[in-house]
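Novice: Okay, here's the structure, questions in a sec.
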Amino acid sequence: MRVRRLAAWTALPLAVTLGLAACGGGGGSGSGSSDPNAAVSIQISEPQHLVPTNTTETSGSQVLAGLFSPLVDYDAQNKPYEVAAQSVTSSDNKVWTIKLKDGFTFHNGEKATSDDYINAWNYGAYAPNGQGASYFFEKIAGYQDLQGEKPKAKTMSGLKKVDDLTFTVTLSEPYIDFKTMLGYTAFYPLPEAAFSGPGVLKDSYEQAPIGQGPFKMKGTWQHDAKIDVERYDAYPGQKPKVKGVEFRVYQQLTAAYADVQGDNLDVLPTIPTENLSTAPTDLGDRYQTSPMSSFQFLAFPTFDKDYSKPDVRKAISMAIDRDEITKSIFKGSQQPARSFVSPVLPGYRDNTAGAAGEFNPAEAKKLYQAAGGPSKIVISYNGDGGHKDWVDATANQLKANLGVDVVGSAEPKFADLLTKVEKKQPVGLFRMGWVMDYPSMEDYLGPLYTTNGSSNYYGYSNPEFDKLVKEGSAAKTQDEAIAKYQQAEDILAKDMPVIPLRFGENVFGHSSKVKNVEMDLFQRVNLVKIEAAS
């Protein structure tokens, strides 16, 4: 189940401005001298894991982004370019050849080879290993044989070594965005030293991961306190401009905010909601924003007869003033959403929801009554994500504009909410959040809305939509794929299984001791660009 992307938060500002750029404003002008022998500190939460195929949240991903180099990364147009890979090619989008750059070594001196990718991916895909990102390998031929309590095989048939720097990946069916997908954390390699035997990871590996990236571990993971990394001088790629990074674990964002104000913390990737209104004044030019990829929406249980009619769903959407809530609750730190995919993506179009995305209370009430909408609406949300203020504001708007009773209902945790939805227990509308794993429209459309989508919690099913997404995935060119994906998105606008609400953005702060602070679409600090001011 792809629950990693389903984000539990939202009150924390999290997504994209309406512009197509991989990174936004950096901290400071970049002028003046820097100290290459200084270390910097970055706030994180305690990671769940530090094994690449089991790291499915932002803080762990931030640490691993320093310890590993991906096969590909993304340029300013969010298209993949090679990093650890020399080339990633295919003539049919089904059989892919990956050639590695020579010169990458793990931090223990081992040369990075094809075997290190093949072994890591097989480990991640093998169901008994219980890796949280296992599903990323599901497109590779033979993945299904590694599933279940007693798998038929331990290695995927689709992975074949050609030589030490070349291997092939055969997919079960063509997928045009496979190269783009390879930038995700799950596709990092593992050294021989990570394993105690074939397919058996050492228990100690996670406490001091060995990667092939620009930084190496300094000591071990100090749980609930910090993770220290230092520059790896043998790294063949772009060199870091700092000697090391202390990833400092905070239990409360407000404490981290006080530290960044006082120059006791160098980077705070997320400004707390309660400080949004004062942060620009508190921090001055140390307050920054940049594009990110999150998408916040309200979902309908389409299997519930109260919400089974598209006109009911459209009417509720039209009764919500997105602009007002974005301004009053989020202080302009997010952007109103009227489309189903993020503006950072190739293929994004503005206002694809059409009339259903526009605030029109008079028409909304008329349509709602004609369609026989329910006399009471419940909006369920997770109480641990900071959603109450915006849910209450949304409920008040619906109550006033539709003339019905509307209440917010908090579940203790996001998992509790999802459990109720999975059991088809009454929840009314329910809030959801999504962060992309890699920049492709399919990464939003497929998991969330196809009939068997791994995160389709609302029971939505449209065979024509499924067909178009599948055709897009199997297209021969990116332009052809985007055309199919856009046709699929047009169907969502007619059916409205969810209500697009907001696209967010990175809203972050830094100390006066650092400059050139940039954050990417995945809410990670760029560790090779940040500098320590001297």
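Ligands are numbered from 1 in the order shown, chains are lettered A, B, ... in the order of the structure tokens, and residues start at 1 in each chain.
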Taking 6 positions as the minimum chain separation for residues in the same chain, which residues sit within 12 Å of Tyr205 (chain A) when counting only C-alpha atoms? Answer as number ranges by chain.
Specialist: A: 49-52, 190-196, 211, 217, 220-221
Novice: Grab the residues selected above and save them as a tab-separated table (two decimals), in the first residue's frame with all heavy atoms.
Specialist:
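part03.tsv written:
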chain	number	residue	atom	x	y	z
A	49	HIS	N	13.42	4.83	9.41
A	49	HIS	CA	14.44	3.88	8.97
A	49	HIS	C	15.51	4.62	8.19
A	49	HIS	O	15.29	5.73	7.70
A	49	HIS	CB	13.82	2.79	8.08
A	49	HIS	CG	12.84	1.92	8.80
A	49	HIS	ND1	13.20	0.95	9.69
A	49	HIS	CD2	11.48	1.89	8.75
A	49	HIS	CE1	12.13	0.35	10.16
A	49	HIS	NE2	11.07	0.90	9.61
A	50	LEU	N	16.67	3.96	8.03
A	50	LEU	CA	17.74	4.49	7.18
A	50	LEU	C	18.26	3.44	6.21
A	50	LEU	O	19.39	3.53	5.73
A	50	LEU	CB	18.89	5.03	8.04
A	50	LEU	CG	18.62	6.34	8.80
A	50	LEU	CD1	19.84	6.76	9.60
A	50	LEU	CD2	18.20	7.46	7.85
A	51	VAL	N	17.46	2.43	5.90
A	51	VAL	CA	17.74	1.51	4.81
A	51	VAL	C	16.98	2.04	3.59
A	51	VAL	O	15.78	2.31	3.70
A	51	VAL	CB	17.29	0.07	5.14
A	51	VAL	CG1	17.47	-0.85	3.93
A	51	VAL	CG2	18.06	-0.47	6.34
A	52	PRO	N	17.64	2.24	2.45
A	52	PRO	CA	16.96	2.89	1.32
A	52	PRO	C	15.61	2.29	0.94
A	52	PRO	O	14.66	3.04	0.68
A	52	PRO	CB	17.98	2.76	0.18
A	52	PRO	CG	19.30	2.78	0.88
A	52	PRO	CD	19.08	2.03	2.16
A	190	LEU	N	23.35	-0.95	-2.42
A	190	LEU	CA	23.89	-1.35	-1.12
A	190	LEU	C	25.23	-2.06	-1.33
A	190	LEU	O	25.34	-2.88	-2.25
A	190	LEU	CB	22.93	-2.29	-0.39
A	190	LEU	CG	21.61	-1.69	0.11
A	190	LEU	CD1	20.72	-2.79	0.69
A	190	LEU	CD2	21.86	-0.60	1.14
A	191	PRO	N	26.22	-1.78	-0.50
A	191	PRO	CA	27.53	-2.44	-0.67
A	191	PRO	C	27.50	-3.87	-0.16
A	191	PRO	O	26.58	-4.27	0.58
A	191	PRO	CB	28.44	-1.58	0.19
A	191	PRO	CG	27.55	-1.10	1.30
A	191	PRO	CD	26.22	-0.85	0.63
A	192	GLU	N	28.51	-4.64	-0.53
A	192	GLU	CA	28.63	-6.01	-0.01
A	192	GLU	C	28.66	-6.01	1.52
A	192	GLU	O	28.13	-6.91	2.17
A	192	GLU	CB	29.90	-6.67	-0.55
A	192	GLU	CG	29.85	-7.08	-2.01
A	192	GLU	CD	31.11	-7.83	-2.42
A	192	GLU	OE1	31.70	-8.51	-1.55
A	192	GLU	OE2	31.51	-7.72	-3.59
A	193	ALA	N	29.28	-4.99	2.08
A	193	ALA	CA	29.42	-4.91	3.53
A	193	ALA	C	28.09	-4.78	4.27
A	193	ALA	O	28.03	-5.00	5.48
A	193	ALA	CB	30.33	-3.74	3.90
A	194	ALA	N	27.03	-4.46	3.53
A	194	ALA	CA	25.72	-4.32	4.17
A	194	ALA	C	25.11	-5.69	4.49
A	194	ALA	O	24.20	-5.78	5.33
A	194	ALA	CB	24.77	-3.53	3.27
A	195	PHE	N	25.60	-6.73	3.83
A	195	PHE	CA	24.99	-8.05	3.93
A	195	PHE	C	25.85	-9.02	4.74
A	195	PHE	O	27.08	-9.04	4.62
A	195	PHE	CB	24.74	-8.63	2.55
A	195	PHE	CG	23.76	-7.84	1.71
A	195	PHE	CD1	24.22	-6.86	0.83
A	195	PHE	CD2	22.40	-8.06	1.82
A	195	PHE	CE1	23.31	-6.12	0.06
A	195	PHE	CE2	21.49	-7.33	1.05
A	195	PHE	CZ	21.95	-6.36	0.19
A	196	SER	N	25.18	-9.85	5.53
A	196	SER	CA	25.87	-10.92	6.26
A	196	SER	C	25.87	-12.20	5.46
A	196	SER	O	26.62	-13.13	5.75
A	196	SER	CB	25.21	-11.16	7.62
A	196	SER	OG	23.85	-11.52	7.46
A	211	GLY	N	27.04	4.41	2.14
A	211	GLY	CA	26.54	4.76	0.82
A	211	GLY	C	27.67	5.09	-0.13
A	211	GLY	O	28.84	4.83	0.15
A	217	MET	N	28.83	8.62	7.02
A	217	MET	CA	28.46	8.67	8.42
A	217	MET	C	29.66	9.05	9.29
A	217	MET	O	30.79	8.62	9.05
A	217	MET	CB	27.91	7.32	8.89
A	217	MET	CG	26.51	6.99	8.39
A	217	MET	SD	25.19	8.01	9.13
A	217	MET	CE	25.19	7.43	10.83
A	220	THR	N	27.61	6.82	14.66
A	220	THR	CA	26.37	6.07	14.42
A	220	THR	C	25.15	6.95	14.66
A	220	THR	O	25.26	8.06	15.20
A	220	THR	CB	26.30	4.83	15.34
A	220	THR	OG1	26.34	5.27	16.71
A	220	THR	CG2	27.45	3.88	15.07
A	221	TRP	N	24.02	6.47	14.27
A	221	TRP	CA	22.73	7.13	14.45
A	221	TRP	C	22.46	7.29	15.95
A	221	TRP	O	22.32	6.30	16.67
A	221	TRP	CB	21.67	6.28	13.77
A	221	TRP	CG	20.26	6.76	13.85
A	221	TRP	CD1	19.76	7.86	14.49
A	221	TRP	CD2	19.13	6.12	13.24
A	221	TRP	NE1	18.39	7.95	14.31
A	221	TRP	CE2	17.99	6.90	13.56
A	221	TRP	CE3	18.99	4.96	12.46
A	221	TRP	CZ2	16.70	6.53	13.13
A	221	TRP	CZ3	17.72	4.60	12.03
A	221	TRP	CH2	16.58	5.38	12.36
Novice: Determine which residues of region 211-284 of chain A receive a DSSP assignment of strand (DSSP E), computed from the backbone, and state them as a PyMOL selection string.
Specialist: chain A and resi 215-217+226-231+244-249+267-268
Novice: Would you pick out the contacts of Phe297 (chain A) at 8 Å or less, using only C-alpha atoms, so that residues sharing its chain but fewer than 4 positions from it are not included, and give the list as a list in words?
Specialist: Arg431, Met432, Gly433, Val498, Ile499, Pro500, Leu501 and Arg502 of chain A
Novice: Might you pull out every residue within 12 Å of region 399-413 of chain A, with only C-alpha atoms counted and same-chain residues fewer than 6 positions away left off, and present them as number ranges by chain?
Specialist: A: 7-9, 312, 315-321, 359-370, 372-393, 419-421, 426-431
Novice: Write down as an NGL selection string the residues of region 48-118 of chain A whose backbone DSSP state falls under helix (DSSP H, G or I).
Specialist: :A and (52-54 or 58-67 or 114-118)
Novice: Enter the distance from CA of Gly66 (chain A) to CA of Gly219 (chain A), in Å, rounded to one decimal.
Specialist: 14.8 Å
Novice: I'd like the neighbourhood of Ala279 (chain A) as a ChimeraX atom specification, where a residue qualifies if any of its atoms comes within 12 Å (using only C-alpha atoms), though same-chain residues fewer than 4 positions away should be ignored.
Specialist: /A:254,257-258,260-261,268,270-275,283-289,331,333,507-510
Novice: Could you write out the selected residues, including C-alpha atoms, as an mmCIF file, in the first residue's frame?
Specialist:
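Written output follows (selection-v7.cif):
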data_model
loop_
_atom_site.group_PDB
_atom_site.id
_atom_site.type_symbol
_atom_site.label_atom_id
_atom_site.label_comp_id
_atom_site.auth_asym_id
_atom_site.auth_seq_id
_atom_site.Cartn_x
_atom_site.Cartn_y
_atom_site.Cartn_z
ATOM 1 C CA THR A 254 8.401 25.580 17.704
ATOM 2 C CA TYR A 257 12.008 27.786 15.177
ATOM 3 C CA ALA A 258 13.322 29.502 18.315
ATOM 4 C CA VAL A 260 16.902 29.153 14.019
ATOM 5 C CA GLN A 261 15.843 32.632 15.143
ATOM 6 C CA LEU A 268 14.497 24.717 9.555
ATOM 7 C CA THR A 270 9.268 23.831 7.717
ATOM 8 C CA ILE A 271 8.126 26.994 9.485
ATOM 9 C CA PRO A 272 5.525 26.070 12.158
ATOM 10 C CA THR A 273 1.997 27.147 11.270
ATOM 11 C CA GLU A 274 1.713 29.290 14.407
ATOM 12 C CA ASN A 275 4.769 31.300 13.290
ATOM 13 C CA LEU A 283 13.709 36.199 9.973
ATOM 14 C CA GLY A 284 13.862 38.864 7.270
ATOM 15 C CA ASP A 285 15.760 37.567 4.244
ATOM 16 C CA ARG A 286 16.362 34.326 6.141
ATOM 17 C CA TYR A 287 12.698 33.464 5.489
ATOM 18 C CA GLN A 288 12.448 31.565 2.181
ATOM 19 C CA THR A 289 9.912 29.811 -0.045
ATOM 20 C CA LYS A 331 -1.365 33.133 5.347
ATOM 21 C CA SER A 333 1.852 29.920 2.221
ATOM 22 C CA VAL A 507 8.356 27.552 3.581
ATOM 23 C CA PHE A 508 11.626 27.463 5.466
ATOM 24 C CA GLY A 509 14.095 29.501 7.462
ATOM 25 C CA HIS A 510 17.835 29.547 8.115
#
Novice: Counting only C-alpha atoms, what are the residues of region 149-195 of chain A within 7 Å of region 116-132 of chain A, and for each of them which pair of atoms is the nearest and at what distance in Å, to one decimal? Sort the table by chain and rising number, as a tab-separated table.
Specialist:
residue	atom	partner	partner_atom	distance
A:Glu149	CA	A:Pro128	CA	6.5
A:Lys154	CA	A:Tyr126	CA	6.2
A:Thr155	CA	A:Asn122	CA	5.3
A:Met156	CA	A:Asn122	CA	6.3
A:Leu159	CA	A:Ile118	CA	6.5
A:Phe187	CA	A:Trp121	CA	6.7
A:Tyr188	CA	A:Tyr117	CA	6.9
A:Pro189	CA	A:Tyr117	CA	4.4
A:Leu190	CA	A:Asp116	CA	5.2
A:Pro191	CA	A:Asp116	CA	5.6
Novice: Could you take the residues named above and write them with C-alpha atoms, as an mmCIF file, in the first residue's frame?
Specialist:
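Dumped to out19.cif:
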data_model
loop_
_atom_site.group_PDB
_atom_site.id
_atom_site.type_symbol
_atom_site.label_atom_id
_atom_site.label_comp_id
_atom_site.auth_asym_id
_atom_site.auth_seq_id
_atom_site.Cartn_x
_atom_site.Cartn_y
_atom_site.Cartn_z
ATOM 1 C CA GLU A 149 4.551 -15.464 3.007
ATOM 2 C CA LYS A 154 14.274 -14.612 -3.932
ATOM 3 C CA THR A 155 15.433 -12.637 -6.947
ATOM 4 C CA MET A 156 13.553 -10.864 -9.730
ATOM 5 C CA LEU A 159 17.292 -7.986 -13.302
ATOM 6 C CA PHE A 187 16.728 2.600 -6.042
ATOM 7 C CA TYR A 188 19.976 3.381 -4.181
ATOM 8 C CA PRO A 189 22.605 0.580 -4.135
ATOM 9 C CA LEU A 190 23.887 -1.346 -1.119
ATOM 10 C CA PRO A 191 27.526 -2.436 -0.672
#
Novice: Just checking: using only C-alpha atoms, which residue out of A:Gln296, A:Ser157, A:Asn93, A:Ser41 ends up closest to Tyr250 (chain A)?
Specialist: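 Among the listed residues, the smallest separation from Tyr250 (chain A) belongs to A:Ser41.
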Novice: One decimal, Å: what's the distance from CA of Leu71 (chain A) over to CA of Leu100 (chain A), could you say?
Specialist: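 According to the coordinates, CA of Leu71 (chain A) and CA of Leu100 (chain A) are separated by 8.0 Å.
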Novice: As a count of residues only, please: the residues near region 440-443 of chain A (cut-off 9 Å, only C-alpha atoms, same-chain neighbours under 5 positions excluded).
Specialist: 17
Novice: When you look at region 224-227 of chain A with a cut-off of 6 Å (counting only C-alpha atoms), what residues show up, excluding the ones that are within fewer than 6 positions of it in the same chain? I need them as a PDB file with N, CA and C atoms, in the first residue's frame.
Specialist:
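See part.pdb below for the written result:
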ATOM      1  N   GLU A  46      12.762  12.354  13.995  1.00  0.00           N
ATOM      2  CA  GLU A  46      13.418  11.057  14.107  1.00  0.00           C
ATOM      3  C   GLU A  46      13.014  10.188  12.914  1.00  0.00           C
ATOM      4  N   GLU A 246      25.075  18.167  10.630  1.00  0.00           N
ATOM      5  CA  GLU A 246      24.431  17.572  11.791  1.00  0.00           C
ATOM      6  C   GLU A 246      22.926  17.619  11.558  1.00  0.00           C
ATOM      7  N   PHE A 247      22.320  16.453  11.384  1.00  0.00           N
ATOM      8  CA  PHE A 247      20.862  16.366  11.282  1.00  0.00           C
ATOM      9  C   PHE A 247      20.329  16.265  12.712  1.00  0.00           C
ATOM     10  N   ARG A 248      19.740  17.343  13.176  1.00  0.00           N
ATOM     11  CA  ARG A 248      19.363  17.446  14.582  1.00  0.00           C
ATOM     12  C   ARG A 248      17.872  17.138  14.759  1.00  0.00           C
ATOM     13  N   VAL A 249      17.591  16.179  15.616  1.00  0.00           N
ATOM     14  CA  VAL A 249      16.211  15.728  15.828  1.00  0.00           C
ATOM     15  C   VAL A 249      15.517  16.615  16.855  1.00  0.00           C
TER      16      VAL A 249
END
Novice: Looking at only C-alpha atoms, which of A:Ala533, A:Ala39, A:Ala474, A:Leu182 is the one that sits closest to Lys243 (chain A)?
Specialist: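 The shortest atom-to-atom distance to Lys243 (chain A) comes from A:Ala39.
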Novice: If you take only C-alpha atoms and a cut-off of 12 Å, which residues of region 349-463 of chain A touch region 523-532 of chain A, and what are their nearest atom pairs and distances in Å to one decimal, in chain and number order, as a Markdown table?
Specialist:
| residue | atom | partner | partner_atom | distance |
| --- | --- | --- | --- | --- |
| A:Val435 | CA | A:Gln523 | CA | 9.5 |
| A:Met436 | CA | A:Gln523 | CA | 10.7 |
| A:Asp437 | CA | A:Gln523 | CA | 11.3 |
Novice: Go ahead and save the picked residues with N, CA and C atoms, as a PDB file, in the first residue's frame.
Specialist:
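Contents of the output file again.pdb:
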ATOM      1  N   VAL A 435       2.315  13.540  -1.754  1.00  0.00           N
ATOM      2  CA  VAL A 435       3.608  14.093  -2.172  1.00  0.00           C
ATOM      3  C   VAL A 435       4.198  13.151  -3.198  1.00  0.00           C
ATOM      4  N   MET A 436       4.656  13.684  -4.300  1.00  0.00           N
ATOM      5  CA  MET A 436       5.145  12.814  -5.367  1.00  0.00           C
ATOM      6  C   MET A 436       6.447  12.124  -4.970  1.00  0.00           C
ATOM      7  N   ASP A 437       6.673  10.981  -5.570  1.00  0.00           N
ATOM      8  CA  ASP A 437       7.926  10.258  -5.418  1.00  0.00           C
ATOM      9  C   ASP A 437       8.885  10.597  -6.549  1.00  0.00           C
TER      10      ASP A 437
END
Novice: Taking only C-alpha atoms into account, which of A:Gly453, A:Gly504, A:Gly446, A:Pro151 comes nearest Gln335 (chain A)?
Specialist: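 When distances to Gln335 (chain A) are compared using only C-alpha atoms, the smallest one comes from A:Gly504.
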